[in-house]
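Heads up, the thing below is written out as structure tokens.
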Amino acid sequence: MAGSWAFAALGGTLFGAALQLHQARLWSEGAYAAWFFAGLAGLAMLSRRWRPLAFLFRRPYAWRMLAGLPIIVALACGTLAGGGLAGWRAAAYSTGALDPALEGRDLQVIGVVAQMPQRNEGGTRFRLDVESARWADERLSTPVRVPARIALGWYRDDTSLWGRAPEGRTAITARSDAGPLHAGERWRLTVRLKAPHGNLNPHGFDTELWLWEQGVRASGYVRTGASDAAPARLQSTWLHPLERAREAVRDAVFERVADSRQAGVIAALVTGDQSAIERSDWDIFRATGVAHLMSISGLHITMFAWLAAYAVGALWRRSGALMLRFPAPQAALVGGVLLAGLYALFSGWGVPSQRTVWMLATAALLRLTGRRWPWPHVWLLIAAVVVAIDPWALMQAGFWLSFVAVGVLFTTGFMRPADEKTGPSVRLLAFFREQWVITLALTPLSLLLFQQVSVVGLLANAVAIPWVTLVITPLAMLGVAVAPLWDLAAWAVQALAVLLRWLAALPYATLSMAAPPTWMAGFGVAGGVLLAMRLPWSLRALGLPLLLPVLLWQAPRPATGQFELLAADIGQGNAVLVRTATHSLLYDTGPRYSLESDAGHRVLVPLLRAFDERLDMLLLSHRDIDHTGGAAAVLAMQPRAELLSSIEATHPLQAVRPARRCEAGQRWTWDGVDFEILHPAPADYLSFTRPNAISCVLRIANGRATALLAGDIERLQEAALVSRTPELRADVLLAPHHGSKTSSSAALLDAVRPRIALVQAGYRNRFGHPAREVVERYAAYGVRLVENVPCGAALWRSQAPAEVGCERERNARYWHHRLP
């Protein structure tokens, strides 16, 4: 009975934390504290012998149904304790948010660089632990309170990432390149901050949760304008010595290895700097299923702990005195966990590494204390400890990958103490076998979490696991002491890269599928784990029926004759997915954020994969980078999509896929839904002076509802559109030019008379979109203005033309940013 209620209590703590993480708003700290202590009190009572109802168990059989009461009570108490602890921590943590009154204001801060800076072609990104802050204006000497840790960018003066003033104001020109920052240095900087605000899309990455978990409560950039106080390095400090060491090693790798791609892999394996690996290489690693080997993940640290434990045990057995003082198996266990902890610290002590170290420490403590719990109890205890330390881990894919991987190791017997007579060759073979088993077991989970899995993954891992584990990683680590070994490591990386590129280029190298419902995903994971367990094949085969619903799942689509629009949350730019019963069109692809990052790669490709979309057409309204920034990534993913656009014949995208010019009068019909290009007319291409003037305007209608996607047309083009189009009425309008004051004229609104206007613009964007006068104009016409900033991705359906679904409302969480 005791084991059963303990198992229920552990499960309850996880369930309670999961419930709390689904809260849209936080309660008071007192309420959560009451929950936590009530749960603890109940568990304390249960930890003593359960006697109050014992006399009932001697009664007739009907009373014996109460025998399960302790389990129910344990589950309830665990839920209270887990939910209370998670909520208590979140409520206390939420008090460190940035004051909205400080957003967009110039501040002077003094702080210490807390992590090794990340440098790229646009400048430098870094974390700063703030020690003091005040207004940048010397006439205002009043100190201000800012979050303890902020994320900053120090951008070059020739990059568009520099934060310019809102539209209509004079921009400040930066006077210098990004400074030579180093971890542990104290700096005085003039900064402009804003609350962390990320993009929120269906099945997309939750940036705000990631920043919350990292302890970052504000982001911004360094001001280096002519009227700003120059950034000043005050002194080096003794703080963050490991970060200084990591930075020194990373920089030494790039100085030694000429090829930046090979150097990036080596730096990632040694220091955990995953950003050192180029995006194109990450695409190859994911396509071949070896990404887990190229970064210091939870599984990576687990395997390092195993190897370290084996090495410590082997050395310990060489000393009789040490053997008499402390048994070799226990010394190996402690040594493995400690060395893994040091490795995690040197690799940046990231959240996945922290979770893994706590997981290993919990398992080791149980073994050292001689507790022989069944493996499901140990597995659940490990999860409960990790969630108690980091409740937000439950929302991260890495937690579930690590949790399931450890569960597989338990079920296959790999986590049992090693037989001292077992030779190193046998243990090494077991190590590689377990890697294969884990790869197989995690395949369904990877498919569910990322909607993609590598078909060539088993073959790639068969080569990559021993090559990376026995060759590349040891050479990379030893290169810290003997730098020439990095040259050999670079050669080994290059040899592996040749094989991986060949595998990634094979037809059907990856398999993708639509994101299934949660309950179906759970059955799919259970089926994958069952197939990987050491059971007779007659029992393993039962996993196949559990997997079939997931493999056959198709995302629901509009009915024939209906259509829907999904205005993706991509920041400052346009990207609208149009879906009918069997066809799909993407209108624009959002902005490019930097040379290595764009909306296509970060938002649209995962979104299309989650819906299992096969685009029939990509329509790029015009050439501006906030509309075409993600086009290359989308075209690479969608080989069958026709490209329709107003881009010129010499545009670089023409080399990727030749574009057909959009012209007014072009029409087609999909599944009973009519599509028509309304602008530009052929003559407009001869007289335009700005790309906005030839934005492709698309009308979509089914006879009952109409949508109008207007690109970046401005007043002159709006007037021409109204004059040559007799009927422009539409239920939903994609606001021209993101709500710029040069667009959304009264003439256009008189002709369109929309119920809803969608505005795709970035949070606190430098242009000031949507302009206040435009917002007031829409309000005067009784139009509901739906902005991506407070809404997230916006979903509109033709069968309900007066309604819009907002991702921030549908999946609201307490860590999400809310406008004041």
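The way I read the labels, and the way they are meant: chains A, B, ... in the order of the structure tokens, residue 1 as the first residue of every chain, and ligand 1 as the first ligand shown, with later ones counted on from there.
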I want to know what sits within 9 Å of Phe346 in chain A, based on only C-alpha atoms, with residues of the same chain fewer than 3 positions away left out; could you give that as a list in words?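 What passes the distance filter is Leu242, Glu243, Ala245, Arg246, Val270, Thr271, Gly272, Gly341, Leu342, Tyr343 and Trp349 of chain A.
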Determine, counting only C-alpha atoms, which protein, DNA and RNA residues have an atom within 8 Å of an atom of Ala229 in chain A; residues of the same chain fewer than 2 positions away are not included. Present the result as a ChimeraX atom specification. /A:189-190,224,227,231
For the residues in that selection, give me C-alpha atoms as a short mmCIF file (atom, residue, chain, number, x, y, z; two decimals), in the first residue's frame.
data_model
loop_
_atom_site.label_atom_id
_atom_site.label_comp_id
_atom_site.auth_asym_id
_atom_site.auth_seq_id
_atom_site.Cartn_x
_atom_site.Cartn_y
_atom_site.Cartn_z
CA LEU A 189 25.70 51.40 -21.22
CA THR A 190 22.87 53.52 -22.54
CA THR A 224 25.44 54.58 -29.47
CA SER A 227 23.63 62.30 -28.34
CA PRO A 231 29.53 52.85 -23.71
#
Using only C-alpha atoms, which residues sit within 10 Å of range 87-99 of chain A once same-chain residues fewer than 4 positions away are excluded, as a compact mmCIF listing (two decimals) with N, CA, C and O atoms, in the first residue's frame?
# COMPACT_ATOMS: atom_id res chain seq x y z
N GLY A 16 -0.22 18.26 -10.74
CA GLY A 16 -0.51 19.58 -10.19
C GLY A 16 0.30 20.66 -10.87
O GLY A 16 -0.22 21.74 -11.18
N ALA A 17 1.58 20.40 -11.11
CA ALA A 17 2.42 21.38 -11.81
C ALA A 17 1.91 21.61 -13.22
O ALA A 17 1.87 22.76 -13.70
N LEU A 19 -1.19 21.29 -14.28
CA LEU A 19 -2.41 22.09 -14.20
C LEU A 19 -2.08 23.56 -14.01
O LEU A 19 -2.67 24.44 -14.64
N GLN A 20 -1.11 23.84 -13.12
CA GLN A 20 -0.78 25.24 -12.85
C GLN A 20 -0.19 25.91 -14.09
O GLN A 20 -0.43 27.09 -14.33
N LEU A 21 0.56 25.17 -14.88
CA LEU A 21 1.17 25.75 -16.08
C LEU A 21 0.14 26.12 -17.14
O LEU A 21 0.47 26.85 -18.07
N GLN A 23 -2.56 27.79 -16.41
CA GLN A 23 -3.28 28.97 -15.95
C GLN A 23 -3.00 30.15 -16.86
O GLN A 23 -1.86 30.40 -17.26
N ARG A 25 -3.75 33.30 -15.86
CA ARG A 25 -3.31 34.37 -14.96
C ARG A 25 -2.94 33.76 -13.61
O ARG A 25 -3.51 32.75 -13.19
N LEU A 26 -2.01 34.40 -12.94
CA LEU A 26 -1.54 33.91 -11.66
C LEU A 26 -2.43 34.39 -10.53
O LEU A 26 -3.03 35.47 -10.59
N TRP A 27 -2.50 33.56 -9.48
CA TRP A 27 -3.15 33.98 -8.25
C TRP A 27 -2.11 34.66 -7.35
O TRP A 27 -0.98 34.87 -7.74
N SER A 28 -2.52 34.94 -6.13
CA SER A 28 -1.60 35.55 -5.18
C SER A 28 -0.63 34.50 -4.63
O SER A 28 -0.91 33.29 -4.66
N GLU A 29 0.50 34.96 -4.11
CA GLU A 29 1.47 34.06 -3.51
C GLU A 29 0.86 33.30 -2.33
O GLU A 29 1.15 32.12 -2.13
N GLY A 30 0.02 34.00 -1.55
CA GLY A 30 -0.60 33.36 -0.40
C GLY A 30 -1.47 32.18 -0.77
O GLY A 30 -1.49 31.16 -0.07
N ALA A 31 -2.21 32.30 -1.87
CA ALA A 31 -3.09 31.21 -2.30
C ALA A 31 -2.27 29.98 -2.67
O ALA A 31 -2.60 28.85 -2.29
N TYR A 32 -1.19 30.19 -3.40
CA TYR A 32 -0.35 29.04 -3.79
C TYR A 32 0.35 28.45 -2.57
O TYR A 32 0.50 27.22 -2.47
N ALA A 33 0.79 29.30 -1.66
CA ALA A 33 1.45 28.79 -0.45
C ALA A 33 0.49 27.92 0.36
O ALA A 33 0.88 26.88 0.90
N ALA A 34 -0.79 28.35 0.43
CA ALA A 34 -1.79 27.55 1.16
C ALA A 34 -1.96 26.19 0.50
O ALA A 34 -2.05 25.16 1.18
N TRP A 35 -2.01 26.17 -0.83
CA TRP A 35 -2.12 24.90 -1.55
C TRP A 35 -0.92 24.00 -1.24
O TRP A 35 -1.08 22.81 -0.97
N PHE A 36 0.26 24.59 -1.30
CA PHE A 36 1.49 23.81 -1.11
C PHE A 36 1.54 23.19 0.28
O PHE A 36 1.79 21.98 0.42
N ALA A 81 0.34 19.92 -3.65
CA ALA A 81 1.73 20.30 -3.38
C ALA A 81 2.45 20.72 -4.65
O ALA A 81 3.14 21.75 -4.69
N GLY A 82 2.31 19.94 -5.72
CA GLY A 82 2.98 20.26 -6.98
C GLY A 82 2.48 21.55 -7.60
O GLY A 82 3.26 22.40 -8.02
N GLY A 83 1.15 21.71 -7.65
CA GLY A 83 0.59 22.93 -8.21
C GLY A 83 0.89 24.15 -7.36
O GLY A 83 1.17 25.23 -7.88
N GLU A 103 9.53 51.22 -21.02
CA GLU A 103 9.71 50.71 -22.37
C GLU A 103 9.94 51.86 -23.35
O GLU A 103 9.24 52.88 -23.33
N VAL A 144 16.08 54.07 -11.32
CA VAL A 144 14.91 53.31 -11.74
C VAL A 144 15.19 51.83 -11.50
O VAL A 144 16.35 51.41 -11.41
N ARG A 145 14.12 51.05 -11.40
CA ARG A 145 14.26 49.62 -11.16
C ARG A 145 14.02 48.87 -12.47
O ARG A 145 12.96 49.03 -13.09
N VAL A 146 14.99 48.09 -12.88
CA VAL A 146 14.85 47.26 -14.06
C VAL A 146 15.09 45.81 -13.64
O VAL A 146 15.63 45.55 -12.57
N PRO A 147 14.69 44.85 -14.46
CA PRO A 147 14.91 43.44 -14.10
C PRO A 147 16.39 43.13 -13.85
O PRO A 147 17.28 43.79 -14.40
N ALA A 148 16.62 42.12 -13.04
CA ALA A 148 17.99 41.78 -12.65
C ALA A 148 18.82 41.30 -13.82
O ALA A 148 20.03 41.52 -13.86
N ARG A 149 18.20 40.63 -14.79
CA ARG A 149 18.94 40.15 -15.97
C ARG A 149 18.20 40.57 -17.23
O ARG A 149 16.99 40.36 -17.34
N ILE A 150 18.93 41.16 -18.16
CA ILE A 150 18.33 41.62 -19.41
C ILE A 150 19.16 41.09 -20.58
O ILE A 150 20.34 40.78 -20.44
N LEU A 193 14.94 49.55 -23.57
CA LEU A 193 14.41 48.23 -23.23
C LEU A 193 12.94 48.09 -23.61
O LEU A 193 12.23 49.09 -23.79
N LYS A 194 12.51 46.85 -23.68
CA LYS A 194 11.10 46.52 -23.84
C LYS A 194 10.86 45.17 -23.19
O LYS A 194 11.80 44.40 -22.96
N ALA A 195 9.61 44.90 -22.89
CA ALA A 195 9.26 43.61 -22.30
C ALA A 195 9.49 42.50 -23.32
O ALA A 195 9.33 42.71 -24.53
N PRO A 196 9.89 41.30 -22.88
CA PRO A 196 10.05 40.19 -23.84
C PRO A 196 8.73 39.89 -24.52
O PRO A 196 7.72 39.60 -23.86
N TRP A 212 11.42 33.42 -20.06
CA TRP A 212 10.98 33.34 -18.66
C TRP A 212 11.83 32.31 -17.90
O TRP A 212 12.31 32.57 -16.80
N GLY A 215 15.28 33.40 -17.09
CA GLY A 215 15.40 34.50 -16.14
C GLY A 215 15.55 35.86 -16.79
O GLY A 215 15.93 36.83 -16.13
N VAL A 216 15.24 35.96 -18.07
CA VAL A 216 15.35 37.23 -18.80
C VAL A 216 13.98 37.91 -18.80
O VAL A 216 13.03 37.38 -19.37
N ARG A 217 13.89 39.09 -18.19
CA ARG A 217 12.60 39.77 -18.06
C ARG A 217 12.51 41.04 -18.91
O ARG A 217 11.52 41.76 -18.84
N ALA A 218 13.55 41.34 -19.67
CA ALA A 218 13.53 42.49 -20.57
C ALA A 218 14.59 42.29 -21.62
O ALA A 218 15.59 41.61 -21.41
N SER A 219 14.36 42.88 -22.79
CA SER A 219 15.33 42.84 -23.87
C SER A 219 15.46 44.24 -24.45
O SER A 219 14.61 45.11 -24.23
N ALA A 388 9.99 19.93 -9.73
CA ALA A 388 9.98 20.78 -8.54
C ALA A 388 11.03 21.88 -8.65
O ALA A 388 10.80 23.03 -8.24
N ILE A 389 12.18 21.56 -9.23
CA ILE A 389 13.24 22.56 -9.42
C ILE A 389 12.92 23.50 -10.57
O ILE A 389 13.16 24.70 -10.51
N ASP A 390 12.35 22.95 -11.63
CA ASP A 390 12.05 23.74 -12.83
C ASP A 390 10.68 23.33 -13.37
O ASP A 390 10.59 22.49 -14.26
N PRO A 391 9.58 23.88 -12.83
CA PRO A 391 8.25 23.44 -13.27
C PRO A 391 7.98 23.70 -14.74
O PRO A 391 7.19 22.99 -15.36
N TRP A 392 8.63 24.71 -15.31
CA TRP A 392 8.37 25.05 -16.72
C TRP A 392 9.00 24.06 -17.67
O TRP A 392 8.78 24.14 -18.87
N TYR A 814 0.25 32.43 -18.21
CA TYR A 814 0.58 33.57 -17.35
C TYR A 814 1.92 34.20 -17.69
O TYR A 814 2.16 35.36 -17.35
N TRP A 815 2.82 33.49 -18.34
CA TRP A 815 4.11 34.07 -18.69
C TRP A 815 4.05 34.87 -19.99
O TRP A 815 5.02 35.54 -20.34
N HIS A 817 3.34 37.83 -22.49
CA HIS A 817 3.31 39.28 -22.33
C HIS A 817 1.93 39.83 -22.66
O HIS A 817 1.31 39.42 -23.64
N PRO A 820 0.03 46.74 -21.58
CA PRO A 820 -0.54 47.47 -20.44
C PRO A 820 -1.81 48.20 -20.85
O PRO A 820 -2.01 48.51 -22.02
Tell me, as a ChimeraX atom specification, which residues lie within 8 Å of Tyr781 in chain A, counting only C-alpha atoms; anything in the same chain fewer than 4 positions away does not count. /A:749,753,777
Emit the selected residues as a PDB file, in the first residue's frame, including all heavy atoms.
ATOM      1  N   LEU A 749     -11.766  52.371 -47.461  1.00  0.00           N
ATOM      2  CA  LEU A 749     -12.687  51.833 -46.460  1.00  0.00           C
ATOM      3  C   LEU A 749     -14.130  52.026 -46.880  1.00  0.00           C
ATOM      4  O   LEU A 749     -14.995  51.190 -46.575  1.00  0.00           O
ATOM      5  CB  LEU A 749     -12.423  52.488 -45.103  1.00  0.00           C
ATOM      6  CG  LEU A 749     -11.042  52.215 -44.496  1.00  0.00           C
ATOM      7  CD1 LEU A 749     -10.943  52.817 -43.097  1.00  0.00           C
ATOM      8  CD2 LEU A 749     -10.731  50.732 -44.444  1.00  0.00           C
ATOM      9  N   ARG A 753     -15.625  48.393 -46.846  1.00  0.00           N
ATOM     10  CA  ARG A 753     -16.529  48.229 -45.689  1.00  0.00           C
ATOM     11  C   ARG A 753     -16.299  46.903 -44.962  1.00  0.00           C
ATOM     12  O   ARG A 753     -17.221  46.094 -44.788  1.00  0.00           O
ATOM     13  CB  ARG A 753     -17.990  48.308 -46.148  1.00  0.00           C
ATOM     14  CG  ARG A 753     -18.426  49.674 -46.625  1.00  0.00           C
ATOM     15  CD  ARG A 753     -18.574  50.613 -45.454  1.00  0.00           C
ATOM     16  NE  ARG A 753     -18.903  51.985 -45.876  1.00  0.00           N
ATOM     17  CZ  ARG A 753     -19.145  52.975 -45.026  1.00  0.00           C
ATOM     18  NH1 ARG A 753     -19.061  52.745 -43.725  1.00  0.00           N
ATOM     19  NH2 ARG A 753     -19.434  54.168 -45.470  1.00  0.00           N
ATOM     20  N   ARG A 777      -9.277  55.842 -37.672  1.00  0.00           N
ATOM     21  CA  ARG A 777     -10.116  55.796 -38.877  1.00  0.00           C
ATOM     22  C   ARG A 777     -10.885  54.481 -38.941  1.00  0.00           C
ATOM     23  O   ARG A 777     -12.079  54.454 -39.242  1.00  0.00           O
ATOM     24  CB  ARG A 777      -9.246  55.971 -40.122  1.00  0.00           C
ATOM     25  CG  ARG A 777     -10.046  56.130 -41.420  1.00  0.00           C
ATOM     26  CD  ARG A 777      -9.106  56.355 -42.604  1.00  0.00           C
ATOM     27  NE  ARG A 777      -8.254  57.516 -42.345  1.00  0.00           N
ATOM     28  CZ  ARG A 777      -6.949  57.547 -42.616  1.00  0.00           C
ATOM     29  NH1 ARG A 777      -6.353  56.472 -43.126  1.00  0.00           N
ATOM     30  NH2 ARG A 777      -6.248  58.628 -42.364  1.00  0.00           N
TER      31      ARG A 777
END
Close residues, Ala364 in chain A itself excluded, 9 Å, only C-alpha atoms, min 3 positions apart in chain, as a PyMOL selection string: chain A and resi 330+333-334+337+359-361+367-369
Got a sec: who's within 6 Å of Gly600 in chain A, counting only C-alpha atoms, leaving out chain neighbours fewer than 6 positions off, as a list in words? Gly630, Ala633 and Val634 of chain A
Would you write out those residues with all heavy atoms, as a PDB file, in the first residue's frame?
ATOM      1  N   GLY A 630      11.375  35.247 -45.736  1.00  0.00           N
ATOM      2  CA  GLY A 630      11.363  33.805 -45.498  1.00  0.00           C
ATOM      3  C   GLY A 630      11.092  32.978 -46.734  1.00  0.00           C
ATOM      4  O   GLY A 630      10.867  31.763 -46.635  1.00  0.00           O
ATOM      5  N   ALA A 633      13.429  29.789 -47.584  1.00  0.00           N
ATOM      6  CA  ALA A 633      13.198  28.629 -46.723  1.00  0.00           C
ATOM      7  C   ALA A 633      11.897  27.928 -47.083  1.00  0.00           C
ATOM      8  O   ALA A 633      11.820  26.692 -47.097  1.00  0.00           O
ATOM      9  CB  ALA A 633      13.181  29.065 -45.255  1.00  0.00           C
ATOM     10  N   VAL A 634      10.843  28.701 -47.385  1.00  0.00           N
ATOM     11  CA  VAL A 634       9.553  28.098 -47.740  1.00  0.00           C
ATOM     12  C   VAL A 634       9.656  27.375 -49.078  1.00  0.00           C
ATOM     13  O   VAL A 634       9.141  26.256 -49.232  1.00  0.00           O
ATOM     14  CB  VAL A 634       8.458  29.181 -47.780  1.00  0.00           C
ATOM     15  CG1 VAL A 634       7.160  28.605 -48.344  1.00  0.00           C
ATOM     16  CG2 VAL A 634       8.217  29.751 -46.383  1.00  0.00           C
TER      17      VAL A 634
END
Which of range 684-762 of chain A end up as strand (DSSP E or B) when DSSP is run on this backbone - answer as a PyMOL selection string? chain A and resi 697-701+706-709+732-734+756-759
Export C-alpha atoms of the chosen residues as a tab-separated table (two decimals), in the first residue's frame?
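Result written to part_19.tsv:
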chain	number	residue	atom	x	y	z
A	697	VAL	CA	-3.68	42.49	-54.22
A	698	LEU	CA	-5.63	39.22	-53.90
A	699	ARG	CA	-9.38	38.82	-53.44
A	700	ILE	CA	-10.78	35.49	-52.20
A	701	ALA	CA	-14.54	34.82	-52.25
A	706	THR	CA	-14.87	37.65	-49.04
A	707	ALA	CA	-11.31	38.42	-48.00
A	708	LEU	CA	-9.02	41.09	-49.44
A	709	LEU	CA	-5.23	40.86	-49.03
A	732	VAL	CA	-11.96	40.79	-43.77
A	733	LEU	CA	-9.17	43.09	-44.98
A	734	LEU	CA	-5.44	42.64	-44.53
A	756	ILE	CA	-12.46	42.97	-39.57
A	757	ALA	CA	-9.04	44.37	-40.46
A	758	LEU	CA	-5.92	42.33	-39.76
A	759	VAL	CA	-2.69	44.19	-38.93
What's the 10 Å shell around range 659-672 of chain A, counting only C-alpha atoms, without same-chain residues fewer than 4 positions away, as a ChimeraX atom specification? /A:558-563,579-584,618-622,642-649,651,653-655,676-685,694-703,721
Could you save those same residues with N, CA and C atoms as a compact mmCIF listing (two decimals), in the first residue's frame?
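Here's the written file result-v9.txt:
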# COMPACT_ATOMS: atom_id res chain seq x y z
N PRO A 558 -10.94 23.05 -44.24
CA PRO A 558 -12.28 23.61 -44.51
C PRO A 558 -13.09 22.70 -45.42
N ALA A 559 -14.40 22.80 -45.29
CA ALA A 559 -15.28 22.03 -46.16
C ALA A 559 -15.23 22.59 -47.58
N THR A 560 -15.67 21.80 -48.53
CA THR A 560 -15.72 22.26 -49.92
C THR A 560 -16.58 23.52 -50.01
N GLY A 561 -16.07 24.54 -50.68
CA GLY A 561 -16.77 25.81 -50.80
C GLY A 561 -16.44 26.80 -49.70
N GLN A 562 -15.67 26.38 -48.71
CA GLN A 562 -15.27 27.27 -47.62
C GLN A 562 -13.76 27.49 -47.68
N PHE A 563 -13.29 28.52 -46.98
CA PHE A 563 -11.87 28.79 -46.91
C PHE A 563 -11.56 29.46 -45.58
N ARG A 579 -6.30 28.50 -46.86
CA ARG A 579 -6.56 27.07 -47.04
C ARG A 579 -7.99 26.84 -47.53
N THR A 580 -8.13 25.98 -48.53
CA THR A 580 -9.44 25.50 -48.95
C THR A 580 -9.49 24.00 -48.66
N ALA A 581 -10.47 23.30 -49.23
CA ALA A 581 -10.65 21.88 -48.90
C ALA A 581 -9.43 21.05 -49.28
N THR A 582 -8.81 21.34 -50.42
CA THR A 582 -7.67 20.52 -50.86
C THR A 582 -6.50 21.34 -51.37
N HIS A 583 -6.55 22.66 -51.25
CA HIS A 583 -5.49 23.51 -51.77
C HIS A 583 -5.03 24.50 -50.71
N SER A 584 -3.80 25.01 -50.89
CA SER A 584 -3.24 25.99 -49.95
C SER A 584 -2.43 27.03 -50.70
N LEU A 618 2.83 30.06 -53.82
CA LEU A 618 3.41 31.07 -52.95
C LEU A 618 3.27 32.40 -53.68
N LEU A 619 2.51 33.31 -53.08
CA LEU A 619 2.29 34.62 -53.69
C LEU A 619 3.06 35.66 -52.88
N LEU A 620 4.07 36.26 -53.49
CA LEU A 620 4.84 37.32 -52.85
C LEU A 620 4.36 38.64 -53.40
N SER A 621 3.79 39.47 -52.51
CA SER A 621 3.14 40.69 -52.99
C SER A 621 4.12 41.63 -53.67
N HIS A 622 5.32 41.79 -53.12
CA HIS A 622 6.35 42.64 -53.74
C HIS A 622 7.69 42.31 -53.11
N GLU A 642 3.90 26.86 -56.95
CA GLU A 642 4.11 27.85 -58.00
C GLU A 642 4.39 29.20 -57.35
N LEU A 643 5.28 29.98 -57.95
CA LEU A 643 5.64 31.29 -57.42
C LEU A 643 4.99 32.37 -58.29
N LEU A 644 4.14 33.18 -57.65
CA LEU A 644 3.45 34.29 -58.31
C LEU A 644 3.84 35.55 -57.57
N SER A 645 4.34 36.57 -58.31
CA SER A 645 4.86 37.74 -57.61
C SER A 645 5.05 38.90 -58.56
N SER A 646 5.35 40.07 -57.97
CA SER A 646 5.70 41.25 -58.76
C SER A 646 7.20 41.52 -58.72
N ILE A 647 7.99 40.60 -58.19
CA ILE A 647 9.44 40.82 -58.11
C ILE A 647 10.02 40.91 -59.52
N GLU A 648 11.11 41.67 -59.65
CA GLU A 648 11.72 41.88 -60.95
C GLU A 648 12.45 40.62 -61.44
N ALA A 649 12.77 40.62 -62.72
CA ALA A 649 13.39 39.45 -63.33
C ALA A 649 14.78 39.16 -62.78
N HIS A 651 15.67 39.56 -59.59
CA HIS A 651 15.63 39.30 -58.15
C HIS A 651 16.25 37.93 -57.86
N LEU A 653 15.49 35.57 -55.95
CA LEU A 653 14.54 34.46 -55.83
C LEU A 653 14.20 33.85 -57.19
N GLN A 654 14.38 34.62 -58.26
CA GLN A 654 14.11 34.06 -59.58
C GLN A 654 15.04 32.89 -59.89
N ALA A 655 16.23 32.91 -59.30
CA ALA A 655 17.16 31.80 -59.50
C ALA A 655 16.74 30.57 -58.71
N GLU A 676 -8.79 35.98 -57.23
CA GLU A 676 -8.60 36.96 -58.30
C GLU A 676 -7.55 37.99 -57.89
N ILE A 677 -6.64 38.29 -58.81
CA ILE A 677 -5.66 39.36 -58.62
C ILE A 677 -6.31 40.67 -59.09
N LEU A 678 -6.32 41.68 -58.22
CA LEU A 678 -6.94 42.96 -58.53
C LEU A 678 -5.93 44.06 -58.87
N HIS A 679 -4.69 43.87 -58.45
CA HIS A 679 -3.66 44.88 -58.65
C HIS A 679 -2.30 44.17 -58.58
N PRO A 680 -1.33 44.60 -59.39
CA PRO A 680 -1.29 45.78 -60.27
C PRO A 680 -1.76 45.46 -61.68
N ALA A 681 -2.15 46.50 -62.41
CA ALA A 681 -2.45 46.36 -63.83
C ALA A 681 -1.14 46.29 -64.60
N PRO A 682 -1.13 45.71 -65.80
CA PRO A 682 0.13 45.62 -66.57
C PRO A 682 0.83 46.96 -66.73
N ALA A 683 0.05 48.04 -66.90
CA ALA A 683 0.67 49.36 -67.09
C ALA A 683 1.38 49.85 -65.83
N ASP A 684 0.97 49.36 -64.67
CA ASP A 684 1.58 49.82 -63.42
C ASP A 684 3.06 49.45 -63.34
N TYR A 685 3.45 48.36 -63.99
CA TYR A 685 4.85 47.95 -63.96
C TYR A 685 5.75 48.94 -64.71
N ILE A 694 3.46 48.27 -56.70
CA ILE A 694 3.05 47.11 -57.50
C ILE A 694 2.80 45.90 -56.61
N SER A 695 2.37 46.14 -55.40
CA SER A 695 2.00 45.03 -54.52
C SER A 695 0.84 44.26 -55.12
N CYS A 696 0.93 42.94 -55.11
CA CYS A 696 -0.14 42.09 -55.62
C CYS A 696 -1.30 42.10 -54.62
N VAL A 697 -2.48 42.47 -55.05
CA VAL A 697 -3.68 42.49 -54.22
C VAL A 697 -4.54 41.30 -54.62
N LEU A 698 -4.89 40.47 -53.65
CA LEU A 698 -5.63 39.22 -53.90
C LEU A 698 -6.99 39.28 -53.23
N ARG A 699 -8.02 38.95 -54.01
CA ARG A 699 -9.38 38.82 -53.44
C ARG A 699 -9.78 37.35 -53.47
N ILE A 700 -10.34 36.88 -52.35
CA ILE A 700 -10.78 35.49 -52.20
C ILE A 700 -12.25 35.52 -51.81
N ALA A 701 -13.10 34.78 -52.53
CA ALA A 701 -14.54 34.82 -52.25
C ALA A 701 -15.17 33.48 -52.58
N ASN A 702 -16.22 33.18 -51.84
CA ASN A 702 -17.00 31.96 -52.12
C ASN A 702 -18.48 32.24 -52.31
N GLY A 703 -18.85 33.51 -52.51
CA GLY A 703 -20.25 33.88 -52.69
C GLY A 703 -20.95 34.24 -51.40
N LEU A 721 -7.26 51.28 -57.35
CA LEU A 721 -7.97 50.02 -57.13
C LEU A 721 -9.47 50.26 -57.02
Proximity check range 252-369 of chain A to range 499-514 of chain A, 8 Å, nearest pairs one decimal Å, only C-alpha atoms, as a tab-separated table:
residue	atom	partner	partner_atom	distance
A:Ile284	CA	A:Ala504	CA	6.1
A:Phe285	CA	A:Leu500	CA	7.4
A:Ala287	CA	A:Ala504	CA	5.8
A:Thr288	CA	A:Ala504	CA	5.9
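Using only C-alpha atoms, the shortest contact distance between Val656 in chain A and any of A:Ser798, A:Pro466, A:Leu211, A:Ala636 is found at A:Ala636.
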